Amino acid sequence: MQYSQTVLDHFMHPHNVGKLDNADAEATEGSPACGDQVTMFLKVNPETKVIEDIKFLSYGCASNIATASIITDLAKGKTLDEAKQITWQQAMEELGGLPPIKVHCAVLAVDTLQSAISNYEIAHGLKEVPNFGKDTIIEELKKIIYPKVGEDIINLKMVKYVGYNDGEVIIDLNMMSFDQWRDNIAEEIREHLSKYPEVKNIQINFPDS
């Protein structure tokens with residue numbers, strides 16, 4: 001699948017690029033070591049809770065830049081509650097689609113927006129810091145896309161078991177050694193979960209290892 005003209009336009013001329021020095025909230029998701037990272041900055045009206053301005057910085061490929069660009073367009077002018085309803089599927093639709101191997105870029109952009117909103121709500125007493133546990137792990141796994149088909153590993157039933165106890169995370173994946181994406185998926189799981197201070201160790205098991 002080739003990139004649509006909309007993707008190319010947002011890549012060549014991205015909207016809302018830059019940093020907000022007076023941002024009310026910001027968030028960074030992804031990792032340069034893994035090839036993709038996005039930081040978003042929000043300026044929120046304290047009375048109406050409308051996102052009056054939003055900027056992003058991106059380290060990544062054309063899809064990474066294009067999805068961050070379209071997500072910031074979609075979020076600007078919306079209330080926080082409205083922006084929380086934005087999905088990666090919506091970003092894909094607005095861009096005219098992405099190759100399955102690049103779907104994770106749309107997930108990353110939406111994840112960054114949601115993290116920035118969450119950081120704002122926590123900082124302003126609108127939300128409590130959630131307790132880390134098995135449910136948190138599963139929500140993070142839903143953000144991990146299997147590149148071959150462009151769907152998340154929870155929906156594809158590739159996760160057989162999730163356990164958490166006293167900082168130790170155990171995940172059993174139904175992926176064989178001949179699966180070319182197995183190491184990438186494992187690396188992405190570690191990336192998603194290692195950002196939580198509660199996580200001390202991550203053990204990922206496979207059927208043939």
# chains A, B, ... in the order shown; residues from 1 in each chain; ligands from 1

$ residues_around --residues "segment 108-111 of chain A" --least-positions-apart "4" --cutoff "7 Å" --atoms "only C-alpha atoms" --output "PyMOL selection string"
chain A and resi 29-30+38+67-68+71+87-88+104+115

$ closest_residue --among "A:Lys134, A:Lys43, A:Arg182, A:Lys148" --to "Thr72 of chain A" --atoms "only C-alpha atoms"
A:Lys43

$ residues_around --residues "segment 163-178 of chain A" --least-positions-apart "5" --cutoff "9 Å" --atoms "only C-alpha atoms" --output "JSON, numbers by chain"
{"A": [133, 134, 137, 157, 158, 183, 186, 193, 197, 198, 199, 200, 201, 202, 203, 204, 205, 206, 207, 208, 209]}

$ write_last_selection --atoms "N, CA and C atoms" --output "PDB file, in the first residue's frame"
ATOM      1  N   GLY A 133      -1.732  -1.765  37.778  1.00  0.00           N
ATOM      2  CA  GLY A 133      -2.064  -3.163  37.993  1.00  0.00           C
ATOM      3  C   GLY A 133      -2.274  -3.879  36.674  1.00  0.00           C
ATOM      4  N   LYS A 134      -2.900  -5.037  36.740  1.00  0.00           N
ATOM      5  CA  LYS A 134      -3.118  -5.857  35.550  1.00  0.00           C
ATOM      6  C   LYS A 134      -3.928  -5.112  34.492  1.00  0.00           C
ATOM      7  N   ILE A 137      -1.765  -2.841  32.493  1.00  0.00           N
ATOM      8  CA  ILE A 137      -0.938  -3.594  31.547  1.00  0.00           C
ATOM      9  C   ILE A 137      -1.738  -3.960  30.303  1.00  0.00           C
ATOM     10  N   LYS A 157      -5.889 -11.878  20.088  1.00  0.00           N
ATOM     11  CA  LYS A 157      -5.744 -12.988  21.040  1.00  0.00           C
ATOM     12  C   LYS A 157      -4.329 -13.585  21.016  1.00  0.00           C
ATOM     13  N   MET A 158      -3.351 -12.727  20.857  1.00  0.00           N
ATOM     14  CA  MET A 158      -1.955 -13.155  20.876  1.00  0.00           C
ATOM     15  C   MET A 158      -1.391 -13.163  22.297  1.00  0.00           C
ATOM     16  N   ASP A 183      10.248 -10.405  17.992  1.00  0.00           N
ATOM     17  CA  ASP A 183      11.194  -9.588  18.754  1.00  0.00           C
ATOM     18  C   ASP A 183      10.742  -8.130  18.817  1.00  0.00           C
ATOM     19  N   ALA A 186       7.930  -7.868  21.396  1.00  0.00           N
ATOM     20  CA  ALA A 186       8.480  -7.960  22.752  1.00  0.00           C
ATOM     21  C   ALA A 186       9.166  -6.654  23.152  1.00  0.00           C
ATOM     22  N   LEU A 193       5.745  -0.583  28.945  1.00  0.00           N
ATOM     23  CA  LEU A 193       5.585  -0.841  30.377  1.00  0.00           C
ATOM     24  C   LEU A 193       6.713  -0.278  31.235  1.00  0.00           C
ATOM     25  N   PRO A 197       6.930   3.601  36.921  1.00  0.00           N
ATOM     26  CA  PRO A 197       7.895   3.388  38.008  1.00  0.00           C
ATOM     27  C   PRO A 197       7.597   2.148  38.845  1.00  0.00           C
ATOM     28  N   GLU A 198       6.356   1.679  38.808  1.00  0.00           N
ATOM     29  CA  GLU A 198       5.991   0.487  39.586  1.00  0.00           C
ATOM     30  C   GLU A 198       6.603  -0.795  39.008  1.00  0.00           C
ATOM     31  N   VAL A 199       6.967  -0.756  37.721  1.00  0.00           N
ATOM     32  CA  VAL A 199       7.468  -1.958  37.050  1.00  0.00           C
ATOM     33  C   VAL A 199       8.967  -2.121  37.296  1.00  0.00           C
ATOM     34  N   LYS A 200       9.323  -3.243  37.918  1.00  0.00           N
ATOM     35  CA  LYS A 200      10.731  -3.534  38.214  1.00  0.00           C
ATOM     36  C   LYS A 200      11.322  -4.540  37.232  1.00  0.00           C
ATOM     37  N   ASN A 201      10.490  -5.448  36.753  1.00  0.00           N
ATOM     38  CA  ASN A 201      10.986  -6.477  35.834  1.00  0.00           C
ATOM     39  C   ASN A 201       9.857  -6.924  34.917  1.00  0.00           C
ATOM     40  N   ILE A 202      10.201  -7.195  33.665  1.00  0.00           N
ATOM     41  CA  ILE A 202       9.215  -7.645  32.676  1.00  0.00           C
ATOM     42  C   ILE A 202       9.689  -8.967  32.092  1.00  0.00           C
ATOM     43  N   GLN A 203       8.897 -10.003  32.277  1.00  0.00           N
ATOM     44  CA  GLN A 203       9.218 -11.325  31.735  1.00  0.00           C
ATOM     45  C   GLN A 203       8.213 -11.666  30.643  1.00  0.00           C
ATOM     46  N   ILE A 204       8.720 -11.906  29.438  1.00  0.00           N
ATOM     47  CA  ILE A 204       7.864 -12.241  28.301  1.00  0.00           C
ATOM     48  C   ILE A 204       8.186 -13.665  27.866  1.00  0.00           C
ATOM     49  N   ASN A 205       7.170 -14.514  27.862  1.00  0.00           N
ATOM     50  CA  ASN A 205       7.351 -15.926  27.531  1.00  0.00           C
ATOM     51  C   ASN A 205       6.699 -16.260  26.194  1.00  0.00           C
ATOM     52  N   PHE A 206       7.317 -17.227  25.481  1.00  0.00           N
ATOM     53  CA  PHE A 206       6.793 -17.706  24.206  1.00  0.00           C
ATOM     54  C   PHE A 206       6.633 -19.228  24.266  1.00  0.00           C
ATOM     55  N   PRO A 207       5.772 -19.803  23.417  1.00  0.00           N
ATOM     56  CA  PRO A 207       5.515 -21.247  23.482  1.00  0.00           C
ATOM     57  C   PRO A 207       6.756 -22.102  23.244  1.00  0.00           C
ATOM     58  N   ASP A 208       7.681 -21.634  22.412  1.00  0.00           N
ATOM     59  CA  ASP A 208       8.836 -22.454  22.028  1.00  0.00           C
ATOM     60  C   ASP A 208      10.146 -21.913  22.592  1.00  0.00           C
ATOM     61  N   SER A 209      10.061 -21.255  23.746  1.00  0.00           N
ATOM     62  CA  SER A 209      11.303 -20.753  24.347  1.00  0.00           C
ATOM     63  C   SER A 209      11.322 -21.029  25.847  1.00  0.00           C
TER      64      SER A 209
END

$ closest_residue --among "A:Ala106, A:Ala66, A:Ala116, A:Leu57" --to "Gln37 of chain A" --atoms "only C-alpha atoms"
A:Leu57

$ select_by_dssp --residues "segment 19-199 of chain A" --states "alpha helix (DSSP H)" --output "PyMOL selection string"
chain A and resi 62-75+80-83+88-95+103-123+134-141+182-193

$ closest_atom_pairs --of "segment 55-169 of chain A" --to "segment 18-25 of chain A" --cutoff "10 Å" --atoms "only C-alpha atoms" --output "Markdown table"
| residue | atom | partner | partner_atom | distance |
| --- | --- | --- | --- | --- |
| A:Lys55 | CA | A:Gly18 | CA | 5.5 |
| A:Phe56 | CA | A:Gly18 | CA | 5.5 |
| A:Leu57 | CA | A:Gly18 | CA | 5.8 |
| A:Ser58 | CA | A:Gly18 | CA | 9.1 |
| A:Ser115 | CA | A:Ala25 | CA | 9.3 |
| A:Ala116 | CA | A:Ala25 | CA | 5.8 |
| A:Ile117 | CA | A:Ala25 | CA | 7.3 |
| A:Ser118 | CA | A:Ala25 | CA | 8.8 |
| A:Asn119 | CA | A:Ala25 | CA | 6.2 |
| A:Tyr120 | CA | A:Ala25 | CA | 5.1 |
| A:Glu121 | CA | A:Ala25 | CA | 8.9 |
| A:Ile122 | CA | A:Ala25 | CA | 9.9 |
| A:Ala123 | CA | A:Ala25 | CA | 8.3 |
| A:His124 | CA | A:Asp24 | CA | 9.6 |

$ atom_distance --atom1 "atom CA of Glu187 of chain A" --atom2 "atom CA of Asp152 of chain A"
14.9 Å

$ atom_distance --atom1 "atom CA of Pro99 of chain A" --atom2 "atom CA of Met40 of chain A"
23.9 Å

$ atom_distance --atom1 "atom CA of Val7 of chain A" --atom2 "atom CA of Glu151 of chain A"
19.9 Å
